[in-house]
Every structure is written in C-alpha cells, then in structure tokens.
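**Q** Below: one structure in structure tokens.
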Amino acid sequence: MRSSSRVWRIVSFLSFVTTLLLLCGFIYAVKDITYPSASSGMELVPSTDQKDQPAVSPGQTGIVVIGDSLAKGTGDDEGLGFAMRTVQLLQEKDKNQEVRLFGNLGINGLTTDSLSEELKEKGVQYMLKEANVILLSIGGNDLFNGGQALENGDDLPTAKELNASIDAASVKLKSVAKQIVAINPDATLVYIGLYNPFSDLQEMRSIGNTAAARWNMLALETFNPYRNALVVPTYDLFAGNVSKYLSGDHFHPNGEGYQQIAERIVQSLN
Amino acid sequence: MQHTSISEQRDSSGKTVLQVKHLKKKIGKKWIIHDVTFDVREGEIFGFLGPNGAGKTTTIRMLVDLIKPTEGTIEICGFNVHKDPERAMGYIGSIVENPEVYSYLTGWENLEQFARMLQGVDDERIMEVVEMVRLEQRIHDKVRTYSLGMRQRLGIAQALLGRPKLLILDEPTNGLDPKGIKEMRDFIRRLAADGMALFVSSHLLSEIQLLCDRVAIISHGQVLAVGKVDELIQNNSNYVVWEAHPRESAVDFFANKRIKVIDDPEQILDDSVMAGISPEAIVTQMEGGQMAEFVALFTEQGVQVQSVYKINPTLEQLFLELTEGESIE
Amino acid sequence: MNSIIPLIKNETVKMVRKKRFYVILLVLLVLVPMFTYAQMKISQRNQEKFGSDWRRSVQQAITDNQNSLGSARIPEEWKKFRQVYIQQMKYYLDHDVNPQQPGAVTFTREFMDNASSLFIPLLIMGIGSDIVSSERTAGTVKMLLTKPVRRWKVLLSKLITLIMFVSLTVVSTFVICYGISGLVFGYQGFDMPVFAGFQLQGSNVDLSAVHALPQWLYLFMQMGLIWFVGVVVALLAFMISVLVRSTAASIVIMMAALIAGSILTNMASAWTSAKYLFMVNLELTHYLSGTPAPIEGMTLGFSLAVLAIWGIASLVVSFTVFTKQDILN
C-alpha cells in the first residue's frame, strides 16, 4: 500500500512537470517556426578552434583537388580519378611522407565561370588554405561543353566557335588562377592541361587539336607568373591513344588514362 | 403463461431494493430477453435460475449497467440504473461471471483500486472486508498466485467494499470444491442475516433450493415463474414412484382419486433417474403429504406396497413441467 | 465520486505495476547503446578521412551533393532535399558553426530527430494500445464499469494517464540517450549554436530569418514537437484500443499504420493527397531543422492541423463508443 502511494507521488509529479515542460517546448517551437526572426536567438561567438594547429604538419602532404569532372574522376571504373592515383603514387615514392587527400571538390560540368563562384565559398577557401598541393582541372567544359555535343548528336563546334570560347574562357582562367593563389599562395598549384578528346573523329581532329594546343599555351601563360604554379600537359598522352585511354563516353579518361595523368603529376611535383 | 405468485402477496415485509420491470433486450435482430419482471427485497436471498444460455448473464449485465436494455426499467433503491448510474451503482456490489481482478497486483492493491472508485471506503473498511472473506493471510500476495476459491473470495470482498444494499453474485459456487461451496453458502446466509439483499444466479436447482428464499426461473429470455422456492417445487413437480402389487389395482385407485399417472415417464424424467426405477413402477404426480394417505389406503385395500419414494424434480423437469403446462392448458 | 484524481491514480498504479513502462525503458537501454556505437564508428571513419577538421568534412559533403544534382537519374524531390541541404551547410560554413559538433547533446538531437516519426511513436503505441483493450481481454472492465463512476470518467482517467506517460516516454528517451551517449562522446554541447528558421520555398532556402539557437533550446523545442506527435499517436492508439477487443490486434493495426507512414513518406510525393494522412505528418521536427516536407504544400501549420483533426476525431470516436457500448463479454 505504501509503495503504490509512493509510485503515484513520484509518477504524478514527474509527469506533471515533464508535460508542462514539453507543452512549453511545443508552443515555443510552433512560435519559432511560424514566425522566425533573425533577430532572435543567440549571439554567435566566433569559434575558437579555428587554426589552432596547422592543417599540414611537417612530413605531410595534403592534397586538394578542385575543378571539373576530370578532377572528380568521372570515367574511372575504380572511382579513384587522378586525385587518389596521385596520392597512391606519391605515397609509394616516399614512404616517410604522409600523403593525404584532404578533399575532392571536383564537380561534374564545372566551367571556369562556376569555378570562380565556387572559390568564393568559405568552405572551399578553407579547404584550399589547408592544402599544400592543389590539383586543378578546368576548361574542358568551356571548350567542348563536356562532350555534350557528342552524346546528344548536336552539331560539333566549329573552329571559329572554339576560338571564341577559348578567348572568353582564358580570361576567366586568369582570374581563377589569381583567386586560388590569393587564397593559398604557398601551396603548389598544378594545372592539368587539356587534351583533344575528339582526335578519333575525322572532322574534329585538327580543329580539336588546334584548340587544345592553343588553350594549353594560354594556360601556360596564365600560370607562368606564379612561382608555385605549374602546368602538366596531357595533350600528348591522349593523342593517338584515344581508344586506349578514354572511357566509354569518348570524352573522359578511363582508369588507365587517369593513371597516366597521375604519373605526369607526380613527375612534375619533384 | 402460468405465473406462480402466491408468495408475492404474502411476503412483502421488506423494502424493495431492486425492481425490474418489463426488461427487454434486442441484440442485432434477435430478442435475447423478452420480458423480465421481478423485484428483490431487503434481507432476502433471491435466486435467479435458468439453464446456460437462458439469458441470466445478459440480465445481470443489464442490472449492473454493462448493457443498456432496449426496453424496460431497472431501479435500485429507487434510482434508475441507466439514467443515474452514479447513484444507483453505489448501492450494488457485484461479481459478473468470473471474479476478474488484476492478476499483476496484490489482493490488497486490487481492493485499493476499487476502493478509490467508491465513496467513504478507507483502509479500515478494506481490512474489514478482507477479514470477512478470510483472506488476511494472503492479501499482500500477487493475485496470480491465488486459487480460484481465493479469487472468488477476493471478488466478494471487492463487491462488499462499498457497503452495498444489494449483492449480485453470478454463479458464485461455480468451480468451487464441496467445502468451498458450503462455506460460500454459509457466507451468503450470514450476509442476508445482516439485512443485505442477495441476488444469486445459478443453473443448479439444488443450489437455489438450499440457499434461496425466493426464485425467478428464466428460460429463453423469459421469466417463467417467480415465487418461494418450496412452493414452486411443491406446486409443480412432485413425482412419487410406487411399486405396488397388483399394479392394476393401484393404477385404478389413483384414477379414482384423480391422481395423474405418467404413462411414459422416460419422456419427463431423465435417464439417470429412470435407471433406478423398475419398469413395473407407477410414476405419479401428487403432493408429498398425500403419500401417507395412499399407503394407508393401499394397506387397507390389500394392495401390497413394495416401495414408495419421492423424486426431487431436477431443473429440467421443472422446466418441462412449466413449458408443458403452458402448451397443455 | 466527484474527483477524477483517484481514478488517475488507479490507472497510474496499474501502468507501473504492469511493467509496460519498464519495458520501454529497457528497450531504450538496449537500443541506444547500439546507436551510440554505430555513431562512434561513423565518427571514427570521418576522423580517419578528414582528421579532426569538420569544415573539410562539411565541404566534402556539399561537393558530393552538388555532384549528384547533376545526374539526370536522381528524382527531382531528392534533388530538392540536396539543394536545401547544400544551402544549409553553406550557411553553417559561412558562420563557422559546426553542424555536427561532437558530443552527447548533438547525438541526442539527431537521435530524437530520427526517432520522432517511427521509434518514439512505436514506444508510445506500446503503452497506449492495450490501455483499454487489456481490461477487456482480462475481463476487468466489468469491475471498472460496475462501480458508481460514469464511463466517460473512467475513460478520461485512462486518457490522462496515457498522456502523462507519453511525456515520461519522451523525456526518458532524452535522458537515456544523453546519459549513454555522453559516456562515449562527452556530456558537453548544450550551449553550442544550431541554426533554425530556414524558410523553404521550393528548393530555395530563404535565409533572412535564420537565427542561431543554443542546442538546449533547440532540443527543448524539438522535444515539444515530438511530444505533440506522441500525444496524437497516443490518441489514435487509444481509439484503436477502445474499438478492438484484442490487444494484439490493436498493436498490429497501429504498427501497420505507422510503418505504412514511414514508407509513404519516402515515396508519396507523387500522390499529394497522402498529406492528409496522419502518418505522413509525424516528422514535425523537420520543420524546425528546415528539412523539406515529403509532399509539396505541407507546412508546420498544415501538419499540426492534420494531426489535431485526427486526434480530435479519434477522441470523439473513443468516447462515443466507450460510453454507449454494451459490454457483452
């Protein structure tokens, strides 16, 4: 008898208090969701963990990849892309060095324009700042529209159109380069040059070759002024090896193709 | 229908506690209860007799407000059960069918539960009813460890908590051993002696006969007879079996004295009773008091009486009697 | 009997003695460590990949979602989810706030968020589904209803008790979750900021009213919303419990409805009238976190209205049926 009275006192008290609390919480939540206001809420104290330690410790290589579908690794059946393959190769080469991929910011279909927007994102900036090697692949979508024309059977770009695209994109490439260097002047910036994905198409071979060559020249000019920047050519890798190194979509490299690019990157990083 | 109500005018000393008038209940399209009328008075033990399926439980459920009657009224101490259940139910204690209590609580906790639903029932009163049903020893044990008899007693304790004027017990001796049955009867009598009215349902005539002052007999949803138990039995079914020699003379005597001789007793008496009766025997229907008269007559007239005995009518016989009486007349 | 408090006391004692609530606590004590362990594994994996740097991990999540937006194979609704997610994560990055600050409070917040539509309703169903039907299965309902107490009062006392235990369930989930996950993640994080006030317009997020809340306040509101959902689920389980005699059947019915709800939520966007079903509206906490509702046109107000209508309707049904119903067995 005593025990059931005690149970009742405890349960009724607790449930009364919790019900009241939950009801208040409910009312408060409805109010907060229905009439949200930026002025309510707490003051944000800037977090203190920012840069309490350098992201890259000595003896560590931190790589960030940024750019288009090539950067992401589209077409690689193993899903590694040149990013992971570069990390693996570097690690093999120097066992004492800890090589890590901090992040892969490659986004399918990214153009110089949209990359420039991306670079304004705080998170992107933060990641670039942390890295000591930045791998950049951009421009393919500006020129060849990501091979869309090929897939959709649209008209392929003419030489004149390509030239116009190159002119426009190269200007933006300059500003992209400037942005990246501004974000992290100390990191090694590796730009992956363009190849001509259409070298097995009769009507596009020479046009594409010319365009890729011209773009790569302009890229070289763009990155030359920067002490830590370099351009890795891929044009010659793919010329004549298109069937061997390209994936099923005739535009992106396959695993083997990415491996070749990665090897070039590793060589250039010496 | 033949209503036997001699006793009703005679014995109206007590105040009416329960009054049931023209109670009817339809479930679906079927009338389960046709027309039930009776009343129960202070201090009496009222039997409610009928075979299983006669409508006893349905009627009891209407008495305690578990089922709403389709027609008719039930009043307890003047309060309509369905219009004013809060007051009417305050005068009743009941067990409907089995005494179902919370098996995960102790006996005491069960009583506490029910006490909280009543007014003016404190721990003292709980202790009082526990002592009445003699459960002191086990009252703080979980009910799931109780025997059926103990549960039955706990059920009664629960029914008594609110000091009811009327106690409704549905087949109170069901499932009890002979000792338990006897204790239950004594207990019920004691309660009645204290002035409580008891309403006891049963399908056993012997039970009712032993226990009750008055009885209502129900079959197929209809009350066939209400009255004092002894009178009902006297008036309806008194079979006397005679073994006499010569048989023919005896039959003639009976015919002369307008005593009914049953030609085909196996129609009325059930097999177990028939087995003990010789084929030569004469089954008659007469008042118990007439037996001696006839024995004297036979001896006088040289008819040899080998044996004579009364058969206590069973419930089935009484029913057959009641329903047949209806169809014959 | 005027006061309902003794009746609530009865129901509370029964609920506790029946050990239903212990079962719920036990379920939580078994399951929460499992979730905690799984979360610990996830954080360990993240730690390996991104070090202790949450910004990198958030940015990578953003990029991954951006990539999947480009794919033509992803359904439009999923894209909407991802677009909204990207915008929210960017907001967190812009304001240098970790959306997943490790700690017991964050874990609890996310656990409660995921538990609101199925797990907690299932627990509540466990206590609600048999609150009336068990009395009928055991037959004890006869004892309850033959007391001088109106039926609606008996039912109301059960309802109030149920709501009391809904509150206790929600709070216990929080306490157990915080207590156990704190062992692994540490007990800190109550004053960490969380953003609320994301207003969704299609796949766009209006950031104008976004404000930071300390996590304790966020949890406070989140639990309030879960409580409301719990009460509505309890009302529905309550109705089923009144309508269906068998406890097993009533649990199955409620469980089927809840699980159907969680399936529908994932695929109902094409069938827009599904938004009038209660089980699609259980994720009230998503309005707080700014996760898009499963069906176009659902807002907090809408969901609250749908839930309230279902809740009130089941109350009306429960009380009408229970007070009119014949208790036949």
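How things are named: the first chain in the structure tokens is A, the next is B, and so on; residues count from 1 in each chain; ligands count from 1 in the order shown.
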Pick out the residues sitting within 12 Å of Leu80 (chain A), and hand them over as a list in words; count only C-alpha atoms, and ignore anything fewer than 6 positions along from it in its own chain.
**A**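 What passes the distance filter is Leu70, Ala71, Lys72, Gly73, Thr74, Thr86, Val87, Gln88, Leu101, Asn104, Pro253, Asn254, Gly255, Glu256, Gly257, Tyr258, Gln259 and Ala262 of chain A.
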**Q** For chain C, list the residues within 9 Å of chain B, counting only C-alpha atoms, and write the list as a PyMOL selection string.
**A** chain C and resi 1+6-7+9-11+13-14+17-18+135+138-150+324-328
**Q** Could you dump the residues just selected with C-alpha atoms as a CSV table (one decimal), in the first residue's frame?
**A**
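Once written, out35.csv looks like this:
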```csv
chain,number,residue,atom,x,y,z
C,1,MET,CA,-17.4,10.2,-6.9
C,6,PRO,CA,-8.2,8.8,-7.6
C,7,LEU,CA,-9.1,7.2,-11.0
C,9,LYS,CA,-4.0,7.2,-9.5
C,10,ASN,CA,-5.6,3.8,-10.2
C,11,GLU,CA,-4.5,3.9,-13.8
C,13,VAL,CA,-0.6,2.3,-10.4
C,14,LYS,CA,-1.8,-0.2,-13.0
C,17,ARG,CA,2.7,-2.5,-11.9
C,18,LYS,CA,2.0,-3.9,-15.4
C,135,GLU,CA,-9.1,-4.6,-19.5
C,138,ALA,CA,-8.8,-9.8,-19.0
C,139,GLY,CA,-12.5,-9.0,-18.2
C,140,THR,CA,-11.5,-6.5,-15.5
C,141,VAL,CA,-13.5,-3.9,-17.5
C,142,LYS,CA,-16.6,-5.4,-15.8
C,143,MET,CA,-15.2,-4.5,-12.4
C,144,LEU,CA,-14.4,-0.9,-13.6
C,145,LEU,CA,-17.8,-0.2,-15.1
C,146,THR,CA,-19.9,-1.7,-12.4
C,147,LYS,CA,-18.7,0.9,-9.9
C,148,PRO,CA,-20.6,4.1,-9.2
C,149,VAL,CA,-18.5,6.1,-11.7
C,150,ARG,CA,-19.6,7.4,-15.1
C,324,LYS,CA,-22.5,3.6,-25.5
C,325,GLN,CA,-21.1,0.2,-25.9
C,326,ASP,CA,-22.6,-2.9,-24.4
C,327,ILE,CA,-20.1,-5.0,-22.6
C,328,LEU,CA,-21.1,-8.4,-23.7
```
**Q** Could you write out as a ChimeraX atom specification the residues of chain A within 8 Å of chain C, counting only C-alpha atoms?
**A** /A:4,7-8,11-12,14-16,18-19,21-30,32-34,36-44,46-47,102-109,121-124,126-127
**Q** Would you mind listing what lies within 10 Å of Lys310 (chain B) as a PyMOL selection string, with only C-alpha atoms counted and same-chain residues fewer than 2 positions away left out?
**A** chain B and resi 238-242+283-288+291+308+312-313
**Q** Pull N, CA and C atoms from the residues just selected and write them as a PDB file, in the first residue's frame.
**A**
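Okay, part26.pdb is ready:
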```
ATOM      1  N   ASN B 238     -44.083 -32.871  -8.311  1.00  0.00           N
ATOM      2  CA  ASN B 238     -43.837 -33.844  -7.278  1.00  0.00           C
ATOM      3  C   ASN B 238     -44.134 -35.221  -7.821  1.00  0.00           C
ATOM      4  N   TYR B 239     -43.074 -35.866  -8.171  1.00  0.00           N
ATOM      5  CA  TYR B 239     -43.235 -37.211  -8.711  1.00  0.00           C
ATOM      6  C   TYR B 239     -43.060 -38.187  -7.581  1.00  0.00           C
ATOM      7  N   VAL B 240     -44.001 -39.090  -7.478  1.00  0.00           N
ATOM      8  CA  VAL B 240     -43.869 -40.153  -6.475  1.00  0.00           C
ATOM      9  C   VAL B 240     -43.919 -41.479  -7.221  1.00  0.00           C
ATOM     10  N   VAL B 241     -42.927 -42.305  -6.922  1.00  0.00           N
ATOM     11  CA  VAL B 241     -42.822 -43.583  -7.611  1.00  0.00           C
ATOM     12  C   VAL B 241     -43.342 -44.686  -6.674  1.00  0.00           C
ATOM     13  N   TRP B 242     -44.231 -45.429  -7.216  1.00  0.00           N
ATOM     14  CA  TRP B 242     -44.833 -46.527  -6.434  1.00  0.00           C
ATOM     15  C   TRP B 242     -44.472 -47.857  -7.070  1.00  0.00           C
ATOM     16  N   VAL B 283     -45.381 -44.136 -11.918  1.00  0.00           N
ATOM     17  CA  VAL B 283     -44.932 -42.789 -11.582  1.00  0.00           C
ATOM     18  C   VAL B 283     -46.153 -41.893 -11.526  1.00  0.00           C
ATOM     19  N   THR B 284     -46.332 -41.286 -10.379  1.00  0.00           N
ATOM     20  CA  THR B 284     -47.499 -40.423 -10.223  1.00  0.00           C
ATOM     21  C   THR B 284     -47.063 -39.012  -9.866  1.00  0.00           C
ATOM     22  N   GLN B 285     -48.007 -38.126  -9.966  1.00  0.00           N
ATOM     23  CA  GLN B 285     -47.736 -36.751  -9.578  1.00  0.00           C
ATOM     24  C   GLN B 285     -48.704 -36.412  -8.467  1.00  0.00           C
ATOM     25  N   MET B 286     -48.142 -36.127  -7.293  1.00  0.00           N
ATOM     26  CA  MET B 286     -49.028 -35.808  -6.166  1.00  0.00           C
ATOM     27  C   MET B 286     -48.276 -34.967  -5.142  1.00  0.00           C
ATOM     28  N   GLU B 287     -49.044 -34.366  -4.248  1.00  0.00           N
ATOM     29  CA  GLU B 287     -48.441 -33.615  -3.152  1.00  0.00           C
ATOM     30  C   GLU B 287     -47.743 -34.601  -2.230  1.00  0.00           C
ATOM     31  N   GLY B 288     -46.639 -34.150  -1.620  1.00  0.00           N
ATOM     32  CA  GLY B 288     -45.892 -35.044  -0.741  1.00  0.00           C
ATOM     33  C   GLY B 288     -46.757 -35.583   0.402  1.00  0.00           C
ATOM     34  N   MET B 291     -48.829 -38.934   0.200  1.00  0.00           N
ATOM     35  CA  MET B 291     -48.222 -40.257   0.145  1.00  0.00           C
ATOM     36  C   MET B 291     -48.751 -41.174   1.259  1.00  0.00           C
ATOM     37  N   VAL B 308     -42.155 -46.957  -1.950  1.00  0.00           N
ATOM     38  CA  VAL B 308     -42.708 -45.689  -2.413  1.00  0.00           C
ATOM     39  C   VAL B 308     -41.688 -44.604  -2.094  1.00  0.00           C
ATOM     40  N   ASN B 312     -37.054 -35.938  -6.219  1.00  0.00           N
ATOM     41  CA  ASN B 312     -36.909 -34.476  -6.263  1.00  0.00           C
ATOM     42  C   ASN B 312     -36.764 -34.055  -7.709  1.00  0.00           C
ATOM     43  N   PRO B 313     -37.592 -33.175  -8.120  1.00  0.00           N
ATOM     44  CA  PRO B 313     -37.522 -32.809  -9.533  1.00  0.00           C
ATOM     45  C   PRO B 313     -36.208 -32.096  -9.843  1.00  0.00           C
TER      46      PRO B 313
END
```
**Q** Enter the distance from CA of Ala164 (chain A) to CA of Asn141 (chain A), in Å, rounded to one decimal.
**A**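 Result for CA of Ala164 (chain A) versus CA of Asn141 (chain A): 13.7 Å, one decimal.
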**Q** Pick out each residue of region 29-225 of chain B that DSSP on the backbone tags as alpha helix (DSSP H); I need them as JSON, numbers by chain.
**A** {"B": [56, 57, 58, 59, 60, 61, 62, 63, 85, 86, 87, 88, 107, 108, 109, 110, 111, 112, 113, 114, 115, 123, 124, 125, 126, 127, 128, 129, 130, 131, 132, 148, 149, 150, 151, 152, 153, 154, 155, 156, 157, 158, 159, 160, 178, 179, 180, 181, 182, 183, 184, 185, 186, 187, 188, 189, 190, 191, 192, 193, 205, 206, 207, 208, 209, 210, 211]}
**Q** Grab the residues selected above and save them as an mmCIF file, in the first residue's frame with C-alpha atoms.
**A**
```cif
data_model
loop_
_atom_site.group_PDB
_atom_site.id
_atom_site.type_symbol
_atom_site.label_atom_id
_atom_site.label_comp_id
_atom_site.auth_asym_id
_atom_site.auth_seq_id
_atom_site.Cartn_x
_atom_site.Cartn_y
_atom_site.Cartn_z
ATOM 1 C CA LYS B 56 -29.221 -14.990 -16.948
ATOM 2 C CA THR B 57 -25.910 -13.288 -17.610
ATOM 3 C CA THR B 58 -27.403 -10.819 -20.062
ATOM 4 C CA THR B 59 -29.989 -9.863 -17.458
ATOM 5 C CA ILE B 60 -27.342 -9.478 -14.778
ATOM 6 C CA ARG B 61 -25.231 -7.316 -17.099
ATOM 7 C CA MET B 62 -28.242 -5.076 -17.539
ATOM 8 C CA LEU B 63 -28.684 -4.894 -13.772
ATOM 9 C CA PRO B 85 -25.710 5.073 -12.604
ATOM 10 C CA GLU B 86 -23.544 7.087 -10.230
ATOM 11 C CA ARG B 87 -26.180 6.829 -7.506
ATOM 12 C CA ALA B 88 -27.791 3.522 -8.415
ATOM 13 C CA GLY B 107 -5.130 -8.645 -3.386
ATOM 14 C CA TRP B 108 -4.786 -5.553 -1.269
ATOM 15 C CA GLU B 109 -3.824 -3.365 -4.215
ATOM 16 C CA ASN B 110 -6.828 -4.668 -6.119
ATOM 17 C CA LEU B 111 -9.113 -3.700 -3.277
ATOM 18 C CA GLU B 112 -7.443 -0.302 -3.100
ATOM 19 C CA GLN B 113 -8.154 0.171 -6.783
ATOM 20 C CA PHE B 114 -11.843 -0.466 -6.311
ATOM 21 C CA ALA B 115 -11.991 1.447 -3.048
ATOM 22 C CA ASP B 123 -8.125 1.227 4.697
ATOM 23 C CA GLU B 124 -10.121 0.208 7.731
ATOM 24 C CA ARG B 125 -13.053 -0.851 5.596
ATOM 25 C CA ILE B 126 -10.726 -2.750 3.280
ATOM 26 C CA MET B 127 -9.328 -4.632 6.260
ATOM 27 C CA GLU B 128 -12.861 -5.315 7.414
ATOM 28 C CA VAL B 129 -13.937 -6.987 4.162
ATOM 29 C CA VAL B 130 -10.660 -8.875 3.967
ATOM 30 C CA GLU B 131 -11.436 -10.313 7.380
ATOM 31 C CA MET B 132 -14.985 -11.083 6.289
ATOM 32 C CA LEU B 148 -9.896 -19.950 -7.856
ATOM 33 C CA GLY B 149 -11.589 -20.025 -4.478
ATOM 34 C CA MET B 150 -9.381 -17.233 -3.200
ATOM 35 C CA ARG B 151 -10.108 -15.159 -6.273
ATOM 36 C CA GLN B 152 -13.786 -15.774 -5.715
ATOM 37 C CA ARG B 153 -13.416 -14.510 -2.168
ATOM 38 C CA LEU B 154 -11.428 -11.507 -3.314
ATOM 39 C CA GLY B 155 -14.202 -10.811 -5.806
ATOM 40 C CA ILE B 156 -16.737 -10.872 -2.989
ATOM 41 C CA ALA B 157 -14.558 -8.652 -0.826
ATOM 42 C CA GLN B 158 -14.445 -6.208 -3.717
ATOM 43 C CA ALA B 159 -18.215 -6.343 -4.068
ATOM 44 C CA LEU B 160 -18.712 -5.708 -0.366
ATOM 45 C CA PRO B 178 -17.626 -29.073 -1.982
ATOM 46 C CA LYS B 179 -16.066 -27.476 1.082
ATOM 47 C CA GLY B 180 -15.823 -24.166 -0.714
ATOM 48 C CA ILE B 181 -19.414 -24.425 -1.829
ATOM 49 C CA LYS B 182 -20.571 -24.981 1.709
ATOM 50 C CA GLU B 183 -18.527 -22.072 3.012
ATOM 51 C CA MET B 184 -19.918 -19.866 0.290
ATOM 52 C CA ARG B 185 -23.490 -20.778 1.218
ATOM 53 C CA ASP B 186 -22.872 -20.060 4.876
ATOM 54 C CA PHE B 187 -21.305 -16.782 3.971
ATOM 55 C CA ILE B 188 -24.212 -15.751 1.792
ATOM 56 C CA ARG B 189 -26.674 -16.649 4.524
ATOM 57 C CA ARG B 190 -24.702 -14.618 7.026
ATOM 58 C CA LEU B 191 -24.813 -11.577 4.768
ATOM 59 C CA ALA B 192 -28.551 -11.934 4.318
ATOM 60 C CA ALA B 193 -28.997 -12.257 8.044
ATOM 61 C CA LEU B 205 -31.834 -26.115 -8.790
ATOM 62 C CA SER B 206 -30.313 -27.800 -5.749
ATOM 63 C CA GLU B 207 -28.150 -24.773 -5.216
ATOM 64 C CA ILE B 208 -31.094 -22.442 -5.299
ATOM 65 C CA GLN B 209 -33.198 -24.774 -3.222
ATOM 66 C CA LEU B 210 -30.617 -24.876 -0.465
ATOM 67 C CA LEU B 211 -29.859 -21.204 -0.445
#
```
**Q** Between CA of Pro225 (chain A) and CA of Ser175 (chain A), what is the distance in Å, rounded to a tenth?
**A**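 Separation between CA of Pro225 (chain A) and CA of Ser175 (chain A): 12.8 Å.
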**Q** What's the separation between CA of Val261 (chain B) and CA of Glu231 (chain B), in Å to one decimal place?
**A**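 These two atoms are separated by 21.5 Å.
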**Q** Which residues come within 10 Å of Leu183 (chain C), counting only C-alpha atoms, excluding same-chain residues fewer than 3 positions away, as a compact mmCIF listing (two decimals) with N, CA and C atoms, in the first residue's frame?
**A**
```
# COMPACT_ATOMS: atom_id res chain seq x y z
N PRO C 33 22.57 2.24 -26.73
CA PRO C 33 23.99 1.92 -26.87
C PRO C 33 24.35 1.44 -28.27
N THR C 36 24.58 4.46 -30.37
CA THR C 36 25.77 5.20 -29.96
C THR C 36 27.01 4.57 -30.57
N GLY C 103 29.43 15.34 -29.50
CA GLY C 103 29.03 15.47 -28.10
C GLY C 103 27.68 14.79 -27.92
N ALA C 104 27.38 14.50 -26.67
CA ALA C 104 26.14 13.78 -26.38
C ALA C 104 24.92 14.59 -26.78
N TYR C 178 20.99 10.85 -23.75
CA TYR C 178 22.06 11.76 -23.33
C TYR C 178 23.01 11.04 -22.38
N GLY C 179 22.42 10.30 -21.44
CA GLY C 179 23.24 9.63 -20.44
C GLY C 179 24.19 8.62 -21.06
N ILE C 180 23.69 7.84 -22.00
CA ILE C 180 24.52 6.77 -22.56
C ILE C 180 25.52 7.32 -23.58
N GLY C 186 31.10 12.43 -24.57
CA GLY C 186 31.26 13.53 -23.62
C GLY C 186 29.94 14.26 -23.46
N TYR C 187 29.75 14.86 -22.30
CA TYR C 187 28.44 15.43 -21.99
C TYR C 187 28.29 16.89 -22.41
```
